[in-house]
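Printed here is query06.cif (mmCIF, C-alpha atoms):
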```cif
data_work
loop_
_atom_site.group_PDB
_atom_site.id
_atom_site.type_symbol
_atom_site.label_atom_id
_atom_site.label_comp_id
_atom_site.auth_asym_id
_atom_site.auth_seq_id
_atom_site.Cartn_x
_atom_site.Cartn_y
_atom_site.Cartn_z
ATOM 1 C CA MET S 1187 -4.409 -3.924 19.614
ATOM 2 C CA ALA S 1188 -1.499 -1.807 18.337
ATOM 3 C CA GLY S 1189 -3.598 1.301 17.607
ATOM 4 C CA SER S 1190 -4.735 1.514 21.212
ATOM 5 C CA LYS S 1191 -1.131 2.225 22.309
ATOM 6 C CA LEU S 1192 -1.507 5.624 20.698
ATOM 7 C CA ASP S 1193 -3.305 8.429 22.451
ATOM 8 C CA PRO S 1194 -6.174 10.312 20.766
ATOM 9 C CA ILE S 1195 -3.890 13.120 19.594
ATOM 10 C CA ASP S 1196 -1.483 10.680 17.921
ATOM 11 C CA ARG S 1197 -4.407 9.023 16.148
ATOM 12 C CA LYS S 1198 -5.715 12.422 15.009
ATOM 13 C CA ILE S 1199 -2.251 13.303 13.702
ATOM 14 C CA LEU S 1200 -2.115 10.056 11.730
ATOM 15 C CA ALA S 1201 -5.623 10.551 10.338
ATOM 16 C CA GLU S 1202 -4.852 14.106 9.228
ATOM 17 C CA LEU S 1203 -1.536 13.125 7.629
ATOM 18 C CA GLN S 1204 -3.165 10.175 5.885
ATOM 19 C CA ALA S 1205 -5.752 12.547 4.403
ATOM 20 C CA ASP S 1206 -3.188 15.216 3.465
ATOM 21 C CA GLY S 1207 0.520 14.427 3.670
ATOM 22 C CA ARG S 1208 1.398 17.955 2.527
ATOM 23 C CA ILE S 1209 -0.277 19.681 5.457
ATOM 24 C CA THR S 1210 2.025 22.095 7.268
ATOM 25 C CA ASN S 1211 2.991 21.350 10.837
ATOM 26 C CA VAL S 1212 1.288 24.568 11.965
ATOM 27 C CA GLU S 1213 -2.012 23.584 10.308
ATOM 28 C CA LEU S 1214 -1.697 20.010 11.588
ATOM 29 C CA ALA S 1215 -1.146 21.262 15.140
ATOM 30 C CA LYS S 1216 -4.197 23.502 14.852
ATOM 31 C CA ARG S 1217 -6.396 20.650 13.603
ATOM 32 C CA VAL S 1218 -5.371 18.285 16.418
ATOM 33 C CA GLY S 1219 -5.505 20.947 19.135
ATOM 34 C CA ILE S 1220 -1.882 21.299 20.231
ATOM 35 C CA SER S 1221 0.908 23.782 19.536
ATOM 36 C CA ALA S 1222 3.374 23.309 16.666
ATOM 37 C CA PRO S 1223 6.553 22.209 18.544
ATOM 38 C CA PRO S 1224 4.982 19.238 20.380
ATOM 39 C CA CYS S 1225 3.098 18.329 17.208
ATOM 40 C CA LEU S 1226 6.364 18.106 15.271
ATOM 41 C CA ARG S 1227 7.914 16.001 18.051
ATOM 42 C CA ARG S 1228 4.940 13.639 17.940
ATOM 43 C CA VAL S 1229 5.150 13.328 14.145
ATOM 44 C CA ARG S 1230 8.850 12.485 14.352
ATOM 45 C CA THR S 1231 8.158 9.931 17.098
ATOM 46 C CA LEU S 1232 5.411 8.353 14.956
ATOM 47 C CA GLU S 1233 7.836 8.183 12.027
ATOM 48 C CA GLU S 1234 10.596 6.616 14.134
ATOM 49 C CA ALA S 1235 8.168 4.076 15.624
ATOM 50 C CA GLY S 1236 7.116 2.983 12.135
ATOM 51 C CA TYR S 1237 3.524 4.245 12.219
ATOM 52 C CA ILE S 1238 4.378 6.599 9.339
ATOM 53 C CA ARG S 1239 6.244 4.796 6.574
ATOM 54 C CA GLY S 1240 6.587 7.692 4.171
ATOM 55 C CA TYR S 1241 4.899 10.492 2.270
ATOM 56 C CA HIS S 1242 3.762 10.017 -1.316
ATOM 57 C CA ALA S 1243 1.992 11.904 -4.055
ATOM 58 C CA ASP S 1244 -1.204 10.274 -5.323
ATOM 59 C CA VAL S 1245 -0.412 10.342 -9.036
ATOM 60 C CA ASN S 1246 -2.957 9.607 -11.738
ATOM 61 C CA PRO S 1247 -1.664 6.599 -13.725
ATOM 62 C CA ARG S 1248 -3.851 7.303 -16.774
ATOM 63 C CA GLU S 1249 -2.627 10.902 -17.011
ATOM 64 C CA LEU S 1250 0.910 9.490 -17.106
ATOM 65 C CA GLY S 1251 0.038 7.041 -19.880
ATOM 66 C CA PHE S 1252 -0.473 3.888 -17.802
ATOM 67 C CA GLU S 1253 -3.741 2.730 -19.325
ATOM 68 C CA VAL S 1254 -3.664 -0.874 -18.122
ATOM 69 C CA GLN S 1255 -4.026 -2.200 -14.586
ATOM 70 C CA VAL S 1256 -4.036 -5.944 -14.028
ATOM 71 C CA PHE S 1257 -4.276 -8.206 -11.008
ATOM 72 C CA ALA S 1258 -2.216 -11.364 -11.443
ATOM 73 C CA MET S 1259 -2.897 -14.345 -9.185
ATOM 74 C CA VAL S 1260 0.244 -16.449 -8.963
ATOM 75 C CA GLY S 1261 0.597 -20.050 -7.824
ATOM 76 C CA LEU S 1262 4.049 -21.353 -6.992
ATOM 77 C CA VAL S 1263 5.455 -24.866 -7.291
ATOM 78 C CA SER S 1264 7.022 -24.658 -3.833
ATOM 79 C CA GLN S 1265 5.990 -22.666 -0.777
ATOM 80 C CA ALA S 1266 9.253 -23.224 1.090
ATOM 81 C CA GLU S 1267 10.357 -20.006 2.790
ATOM 82 C CA ALA S 1268 13.422 -19.643 0.560
ATOM 83 C CA ASP S 1269 11.237 -19.942 -2.558
ATOM 84 C CA LEU S 1270 8.660 -17.471 -1.226
ATOM 85 C CA SER S 1271 11.400 -14.968 -0.385
ATOM 86 C CA ALA S 1272 13.001 -15.401 -3.804
ATOM 87 C CA PHE S 1273 9.688 -14.709 -5.541
ATOM 88 C CA GLU S 1274 9.075 -11.627 -3.365
ATOM 89 C CA ALA S 1275 12.551 -10.300 -4.225
ATOM 90 C CA ARG S 1276 11.874 -10.851 -7.918
ATOM 91 C CA CYS S 1277 8.554 -8.946 -7.602
ATOM 92 C CA ARG S 1278 10.322 -6.007 -5.959
ATOM 93 C CA ALA S 1279 12.649 -5.844 -8.974
ATOM 94 C CA TRP S 1280 9.870 -5.810 -11.599
ATOM 95 C CA PRO S 1281 8.806 -2.195 -12.278
ATOM 96 C CA LEU S 1282 5.335 -3.137 -13.564
ATOM 97 C CA VAL S 1283 4.508 -4.862 -10.261
ATOM 98 C CA ARG S 1284 3.219 -2.107 -7.985
ATOM 99 C CA GLU S 1285 1.979 -4.318 -5.136
ATOM 100 C CA CYS S 1286 2.736 -7.890 -4.132
ATOM 101 C CA HIS S 1287 0.747 -9.671 -1.431
ATOM 102 C CA MET S 1288 1.218 -13.236 -0.214
ATOM 103 C CA LEU S 1289 -2.164 -14.882 0.356
ATOM 104 C CA ASN S 1290 -3.590 -17.827 2.218
ATOM 105 C CA GLY S 1291 -5.654 -20.178 0.087
ATOM 106 C CA GLU S 1292 -5.620 -21.362 -3.494
ATOM 107 C CA VAL S 1293 -3.403 -18.527 -4.734
ATOM 108 C CA ASP S 1294 0.046 -17.859 -3.284
ATOM 109 C CA PHE S 1295 0.436 -14.232 -4.380
ATOM 110 C CA ILE S 1296 -1.631 -11.483 -5.907
ATOM 111 C CA LEU S 1297 0.190 -8.804 -7.853
ATOM 112 C CA LYS S 1298 -1.162 -5.415 -8.836
ATOM 113 C CA CYS S 1299 0.476 -4.385 -12.085
ATOM 114 C CA ALA S 1300 0.421 -1.147 -14.077
ATOM 115 C CA ALA S 1301 1.460 -0.925 -17.721
ATOM 116 C CA PRO S 1302 1.207 1.684 -20.450
ATOM 117 C CA ASP S 1303 -0.602 -0.730 -22.767
ATOM 118 C CA LEU S 1304 -1.775 -4.305 -23.083
ATOM 119 C CA SER S 1305 1.172 -5.440 -25.201
ATOM 120 C CA THR S 1306 3.652 -4.210 -22.583
ATOM 121 C CA PHE S 1307 1.820 -6.171 -19.910
ATOM 122 C CA GLN S 1308 1.562 -9.228 -22.169
ATOM 123 C CA ASN S 1309 5.334 -9.146 -22.767
ATOM 124 C CA PHE S 1310 5.946 -8.926 -19.013
ATOM 125 C CA LEU S 1311 3.498 -11.788 -18.416
ATOM 126 C CA THR S 1312 4.990 -14.169 -20.976
ATOM 127 C CA GLU S 1313 8.667 -13.246 -20.811
ATOM 128 C CA GLN S 1314 9.128 -12.585 -17.098
ATOM 129 C CA LEU S 1315 6.291 -13.597 -14.804
ATOM 130 C CA THR S 1316 5.269 -16.978 -16.204
ATOM 131 C CA ALA S 1317 8.898 -17.741 -17.085
ATOM 132 C CA ALA S 1318 10.132 -17.058 -13.539
ATOM 133 C CA ASP S 1319 11.553 -19.862 -11.434
ATOM 134 C CA ASN S 1320 9.009 -21.647 -9.221
ATOM 135 C CA VAL S 1321 5.931 -20.133 -10.933
ATOM 136 C CA ALA S 1322 3.376 -22.874 -11.596
ATOM 137 C CA SER S 1323 0.362 -20.821 -12.705
ATOM 138 C CA VAL S 1324 -0.774 -17.272 -13.359
ATOM 139 C CA LYS S 1325 -4.344 -16.079 -13.741
ATOM 140 C CA THR S 1326 -4.950 -12.464 -14.668
ATOM 141 C CA ALA S 1327 -7.844 -10.044 -14.311
ATOM 142 C CA LEU S 1328 -7.841 -6.790 -16.268
ATOM 143 C CA VAL S 1329 -9.199 -3.792 -14.357
ATOM 144 C CA ILE S 1330 -12.094 -2.200 -16.259
ATOM 145 C CA ARG S 1331 -12.620 0.697 -13.857
ATOM 146 C CA VAL S 1332 -11.855 1.603 -10.263
ATOM 147 C CA ALA S 1333 -14.856 2.197 -8.016
ATOM 148 C CA LYS S 1334 -12.793 2.877 -4.895
ATOM 149 C CA ASP S 1335 -9.090 3.333 -4.238
ATOM 150 C CA GLU S 1336 -8.698 4.413 -0.634
ATOM 151 C CA PRO S 1337 -5.179 4.011 0.751
ATOM 152 C CA GLY S 1338 -4.400 3.695 4.442
ATOM 153 C CA VAL S 1339 -6.731 2.593 7.211
ATOM 154 C CA PRO S 1340 -10.249 3.669 8.287
ATOM 155 C CA PHE S 1341 -9.533 5.801 11.351
ATOM 156 C CA ASP S 1342 -13.213 6.036 12.254
ATOM 157 C CA VAL S 1343 -13.235 2.248 12.733
ATOM 158 C CA LEU S 1344 -10.078 2.451 14.848
ATOM 159 C CA GLU S 1345 -11.580 5.191 17.030
ATOM 160 C CA ALA S 1346 -14.786 3.196 17.526
ATOM 161 C CA ARG S 1347 -12.789 0.130 18.621
ATOM 162 C CA VAL S 1348 -10.614 2.143 21.004
ATOM 163 C CA ASN S 1349 -13.619 3.937 22.491
ATOM 164 C CA SER S 1350 -15.570 0.689 22.960
ATOM 165 C CA ARG S 1351 -12.720 -0.704 25.051
ATOM 166 C CA ALA S 1352 -12.420 2.402 27.224
#
```
As structure tokens:
Amino acid sequence: MAGSKLDPIDRKILAELQADGRITNVELAKRVGISAPPCLRRVRTLEEAGYIRGYHADVNPRELGFEVQVFAMVGLVSQAEADLSAFEARCRAWPLVRECHMLNGEVDFILKCAAPDLSTFQNFLTEQLTAADNVASVKTALVIRVAKDEPGVPFDVLEARVNSRA
């Protein structure tokens, strides 16, 4: 298990940064119980090792005028690696597509899309997504409300797994 390669302090650092990416190094060091210089070294090591991919603001889409969120389930004609990679590249280029996940099962990809209004999404759907090479089918589900939107991983579950193996 990859998380078990980290010591308890590294996991605490990751949990604290996941909860608050703007925390100062001094406050972070205090919360995890070490001094600031080794804390900063550990953070940099975690970044270089790929445990920390970046720091982002959690912006409110509705406050910015993005009233529509849609999940689009996409089926492709071909699942050859070249075709999958081409579709993924196309998704990365579409601004309305905020997440793209390849799935196992009846659907090849699920896309999370954000648009300012329904007509903008509808134009994207008909002019770009369904018209894209290799796309066989698209089913959409409009988000009515969000009950939970928790990014990252549940560190309490990770700690329980690590401790049960100790």
Written as a PDB file with C-alpha atoms, in the frame of the given file, what is the full residue list that the PyMOL selection byres ((chain S and resi 1211) around 9) yields on the file shown?
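So expr-v1.pdb came out as:
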```pdb
ATOM      1  CA  ILE S1209      -0.277  19.681   5.457  1.00  0.00           C
ATOM      2  CA  THR S1210       2.025  22.095   7.268  1.00  0.00           C
ATOM      3  CA  VAL S1212       1.288  24.568  11.965  1.00  0.00           C
ATOM      4  CA  GLU S1213      -2.012  23.584  10.308  1.00  0.00           C
ATOM      5  CA  LEU S1214      -1.697  20.010  11.588  1.00  0.00           C
ATOM      6  CA  ALA S1215      -1.146  21.262  15.140  1.00  0.00           C
ATOM      7  CA  LYS S1216      -4.197  23.502  14.852  1.00  0.00           C
ATOM      8  CA  ALA S1222       3.374  23.309  16.666  1.00  0.00           C
ATOM      9  CA  PRO S1223       6.553  22.209  18.544  1.00  0.00           C
ATOM     10  CA  CYS S1225       3.098  18.329  17.208  1.00  0.00           C
ATOM     11  CA  LEU S1226       6.364  18.106  15.271  1.00  0.00           C
ATOM     12  CA  VAL S1229       5.150  13.328  14.145  1.00  0.00           C
TER      13      VAL S1229
END
```
7 Å contact set for range 1293-1306 of chain S, all atoms listed in the file, chain neighbours under 6 positions out, as a compact mmCIF listing (two decimals) with C-alpha atoms, in the frame of the given file:
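What landed in result38.txt:
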```txt
# COMPACT_ATOMS: atom_id res chain seq x y z
CA GLY S 1251 0.04 7.04 -19.88
CA PHE S 1252 -0.47 3.89 -17.80
CA GLU S 1253 -3.74 2.73 -19.32
CA VAL S 1254 -3.66 -0.87 -18.12
CA GLN S 1255 -4.03 -2.20 -14.59
CA VAL S 1256 -4.04 -5.94 -14.03
CA PHE S 1257 -4.28 -8.21 -11.01
CA ALA S 1258 -2.22 -11.36 -11.44
CA MET S 1259 -2.90 -14.34 -9.18
CA VAL S 1260 0.24 -16.45 -8.96
CA GLY S 1261 0.60 -20.05 -7.82
CA LEU S 1262 4.05 -21.35 -6.99
CA LEU S 1282 5.34 -3.14 -13.56
CA VAL S 1283 4.51 -4.86 -10.26
CA ARG S 1284 3.22 -2.11 -7.98
CA GLU S 1285 1.98 -4.32 -5.14
CA CYS S 1286 2.74 -7.89 -4.13
CA HIS S 1287 0.75 -9.67 -1.43
```
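Ranking S:Ala1205, S:Ile1199, S:Leu1250, S:Ala1333 by their shortest atom-to-atom distance to Arg1230 in chain S, with all atoms listed in the file included, puts S:Ile1199 first.
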>> For a test of reading the model, state the distance in Å between CA of Glu1345 in chain S and CA of Val1332 in chain S, rounded to one decimal.
In response: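 Taking CA of Glu1345 in chain S and CA of Val1332 in chain S, their separation equals 27.5 Å.
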>> With the PyMOL selection byres ((chain S and resi 1196) around 9) as the selection, what would be picked from this file? Answer as a PyMOL selection string, please.
In response: chain S and resi 1192-1195+1197-1201+1218+1225+1228-1229+1232
Give me the result of the PyMOL selection byres ((chain S and resi 1204) around 12) on this file, residue by residue, as a tab-separated table (two decimals) with C-alpha atoms, in the coordinates of the input.
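New file result_10.tsv:
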```
chain	number	residue	atom	x	y	z
S	1197	ARG	CA	-4.41	9.02	16.15
S	1198	LYS	CA	-5.72	12.42	15.01
S	1199	ILE	CA	-2.25	13.30	13.70
S	1200	LEU	CA	-2.12	10.06	11.73
S	1201	ALA	CA	-5.62	10.55	10.34
S	1202	GLU	CA	-4.85	14.11	9.23
S	1203	LEU	CA	-1.54	13.12	7.63
S	1205	ALA	CA	-5.75	12.55	4.40
S	1206	ASP	CA	-3.19	15.22	3.46
S	1207	GLY	CA	0.52	14.43	3.67
S	1208	ARG	CA	1.40	17.95	2.53
S	1209	ILE	CA	-0.28	19.68	5.46
S	1214	LEU	CA	-1.70	20.01	11.59
S	1237	TYR	CA	3.52	4.24	12.22
S	1238	ILE	CA	4.38	6.60	9.34
S	1239	ARG	CA	6.24	4.80	6.57
S	1240	GLY	CA	6.59	7.69	4.17
S	1241	TYR	CA	4.90	10.49	2.27
S	1242	HIS	CA	3.76	10.02	-1.32
S	1243	ALA	CA	1.99	11.90	-4.06
S	1244	ASP	CA	-1.20	10.27	-5.32
S	1336	GLU	CA	-8.70	4.41	-0.63
S	1337	PRO	CA	-5.18	4.01	0.75
S	1338	GLY	CA	-4.40	3.70	4.44
S	1339	VAL	CA	-6.73	2.59	7.21
S	1340	PRO	CA	-10.25	3.67	8.29
S	1341	PHE	CA	-9.53	5.80	11.35
```
> Any idea what the distance is between CA of Ala1266 in chain S and CA of Ser1323 in chain S?
Replying inline: 16.6 Å
Draw an axis-aligned box tight on the listed atoms of range 1304-1318 of chain S, then pad every side by 4 Å and write out centre and edge lengths in Å to one decimal as lines of an AutoDock Vina configuration file.
```
center_x = 4.2
center_y = -11.0
center_z = -19.4
size_x = 19.9
size_y = 21.5
size_z = 19.7
```
> Which value, in Å to one decimal, gives the distance between CA of Val1321 in chain S and CA of Leu1270 in chain S?
Replying inline: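 Those two atoms sit 10.4 Å apart.
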> Out of S:Met1288, S:Val1245, S:Ala1279, S:Leu1328, which residue has the shortest atom-to-atom distance to Gln1314 in chain S when counting all atoms listed in the file?
Replying inline: S:Ala1279
>> So, with only C-alpha atoms as the atoms that count, which of S:Asn1246, S:Ser1271, S:Ser1264, S:Thr1326 lies closest to Phe1307 in chain S?
In response: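 The closest residue to Phe1307 in chain S is S:Thr1326.
If you measure from each of S:Val1343, S:Asp1335, S:Phe1273, S:Gln1265 to Thr1316 in chain S using all atoms listed in the file, the closest one turns out to be S:Phe1273.
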> For Ala1272 in chain S, which of S:Ala1346, S:Asn1320, S:Glu1292, S:Lys1191 is the closest residue, counting only C-alpha atoms?
Replying inline: S:Asn1320
From the coordinates supplied, range 1251-1262 of chain S should be written with all heavy atoms, as a CSV table (one decimal), in the first residue's frame.
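Output file result-v5.csv is given in full below:
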```csv
chain,number,residue,atom,x,y,z
S,1251,GLY,N,-20.9,32.4,-12.0
S,1251,GLY,CA,-21.9,32.4,-13.1
S,1251,GLY,C,-22.0,31.1,-13.8
S,1251,GLY,O,-22.6,31.0,-14.9
S,1252,PHE,N,-21.4,30.0,-13.2
S,1252,PHE,CA,-21.5,28.7,-13.8
S,1252,PHE,C,-22.7,27.9,-13.1
S,1252,PHE,O,-22.5,27.3,-12.1
S,1252,PHE,CB,-20.2,27.9,-13.7
S,1252,PHE,CG,-19.2,28.4,-14.7
S,1252,PHE,CD1,-18.4,29.5,-14.3
S,1252,PHE,CD2,-19.0,27.9,-15.9
S,1252,PHE,CE1,-17.4,30.0,-15.2
S,1252,PHE,CE2,-18.0,28.4,-16.8
S,1252,PHE,CZ,-17.3,29.5,-16.4
S,1253,GLU,N,-23.8,28.1,-13.7
S,1253,GLU,CA,-25.1,27.6,-13.1
S,1253,GLU,C,-25.4,26.1,-13.4
S,1253,GLU,O,-26.2,25.5,-12.7
S,1253,GLU,CB,-26.3,28.5,-13.5
S,1253,GLU,CG,-26.2,29.9,-13.1
S,1253,GLU,CD,-26.3,30.1,-11.6
S,1253,GLU,OE1,-27.1,29.3,-11.0
S,1253,GLU,OE2,-25.7,31.0,-11.0
S,1254,VAL,N,-24.7,25.6,-14.4
S,1254,VAL,CA,-25.0,24.2,-14.8
S,1254,VAL,C,-23.8,23.3,-14.7
S,1254,VAL,O,-22.7,23.6,-15.1
S,1254,VAL,CB,-25.4,24.3,-16.3
S,1254,VAL,CG1,-25.7,22.9,-16.9
S,1254,VAL,CG2,-26.7,25.1,-16.5
S,1255,GLN,N,-24.1,22.2,-14.0
S,1255,GLN,CA,-23.1,21.1,-13.9
S,1255,GLN,C,-23.8,19.9,-14.5
S,1255,GLN,O,-25.0,19.6,-14.1
S,1255,GLN,CB,-22.7,20.8,-12.5
S,1255,GLN,CG,-21.7,21.8,-11.9
S,1255,GLN,CD,-21.1,21.3,-10.6
S,1255,GLN,OE1,-21.5,20.3,-10.1
S,1255,GLN,NE2,-20.1,22.0,-10.1
S,1256,VAL,N,-23.1,19.1,-15.3
S,1256,VAL,CA,-23.6,18.0,-16.0
S,1256,VAL,C,-22.6,16.9,-16.0
S,1256,VAL,O,-21.4,17.1,-16.2
S,1256,VAL,CB,-24.0,18.3,-17.4
S,1256,VAL,CG1,-24.5,17.1,-18.2
S,1256,VAL,CG2,-25.0,19.4,-17.5
S,1257,PHE,N,-23.0,15.6,-15.7
S,1257,PHE,CA,-22.2,14.5,-15.9
S,1257,PHE,C,-22.6,13.9,-17.3
S,1257,PHE,O,-23.8,13.6,-17.5
S,1257,PHE,CB,-22.4,13.4,-14.8
S,1257,PHE,CG,-21.8,13.9,-13.5
S,1257,PHE,CD1,-22.5,14.5,-12.6
S,1257,PHE,CD2,-20.4,13.7,-13.3
S,1257,PHE,CE1,-21.9,15.0,-11.4
S,1257,PHE,CE2,-19.8,14.1,-12.1
S,1257,PHE,CZ,-20.6,14.7,-11.2
S,1258,ALA,N,-21.6,13.6,-18.1
S,1258,ALA,CA,-21.8,13.0,-19.4
S,1258,ALA,C,-21.2,11.7,-19.5
S,1258,ALA,O,-20.0,11.6,-19.2
S,1258,ALA,CB,-21.3,13.9,-20.5
S,1259,MET,N,-22.0,10.6,-19.8
S,1259,MET,CA,-21.4,9.3,-19.9
S,1259,MET,C,-21.3,9.0,-21.3
S,1259,MET,O,-22.2,9.0,-22.1
S,1259,MET,CB,-22.4,8.3,-19.2
S,1259,MET,CG,-22.3,8.3,-17.7
S,1259,MET,SD,-23.7,8.8,-16.7
S,1259,MET,CE,-24.9,9.8,-17.6
S,1260,VAL,N,-20.0,8.7,-21.7
S,1260,VAL,CA,-19.6,8.6,-23.1
S,1260,VAL,C,-19.2,7.2,-23.5
S,1260,VAL,O,-18.4,6.6,-22.8
S,1260,VAL,CB,-18.5,9.6,-23.5
S,1260,VAL,CG1,-18.1,9.5,-24.9
S,1260,VAL,CG2,-18.8,11.0,-23.1
S,1261,GLY,N,-19.8,6.7,-24.5
S,1261,GLY,CA,-19.5,5.4,-25.1
S,1261,GLY,C,-18.7,5.6,-26.4
S,1261,GLY,O,-19.1,6.5,-27.2
S,1262,LEU,N,-17.6,4.9,-26.6
S,1262,LEU,CA,-16.8,5.1,-27.8
S,1262,LEU,C,-17.1,3.9,-28.8
S,1262,LEU,O,-17.5,2.8,-28.3
S,1262,LEU,CB,-15.3,5.2,-27.5
S,1262,LEU,CG,-14.9,6.3,-26.6
S,1262,LEU,CD1,-13.4,6.3,-26.3
S,1262,LEU,CD2,-15.3,7.7,-27.1
```
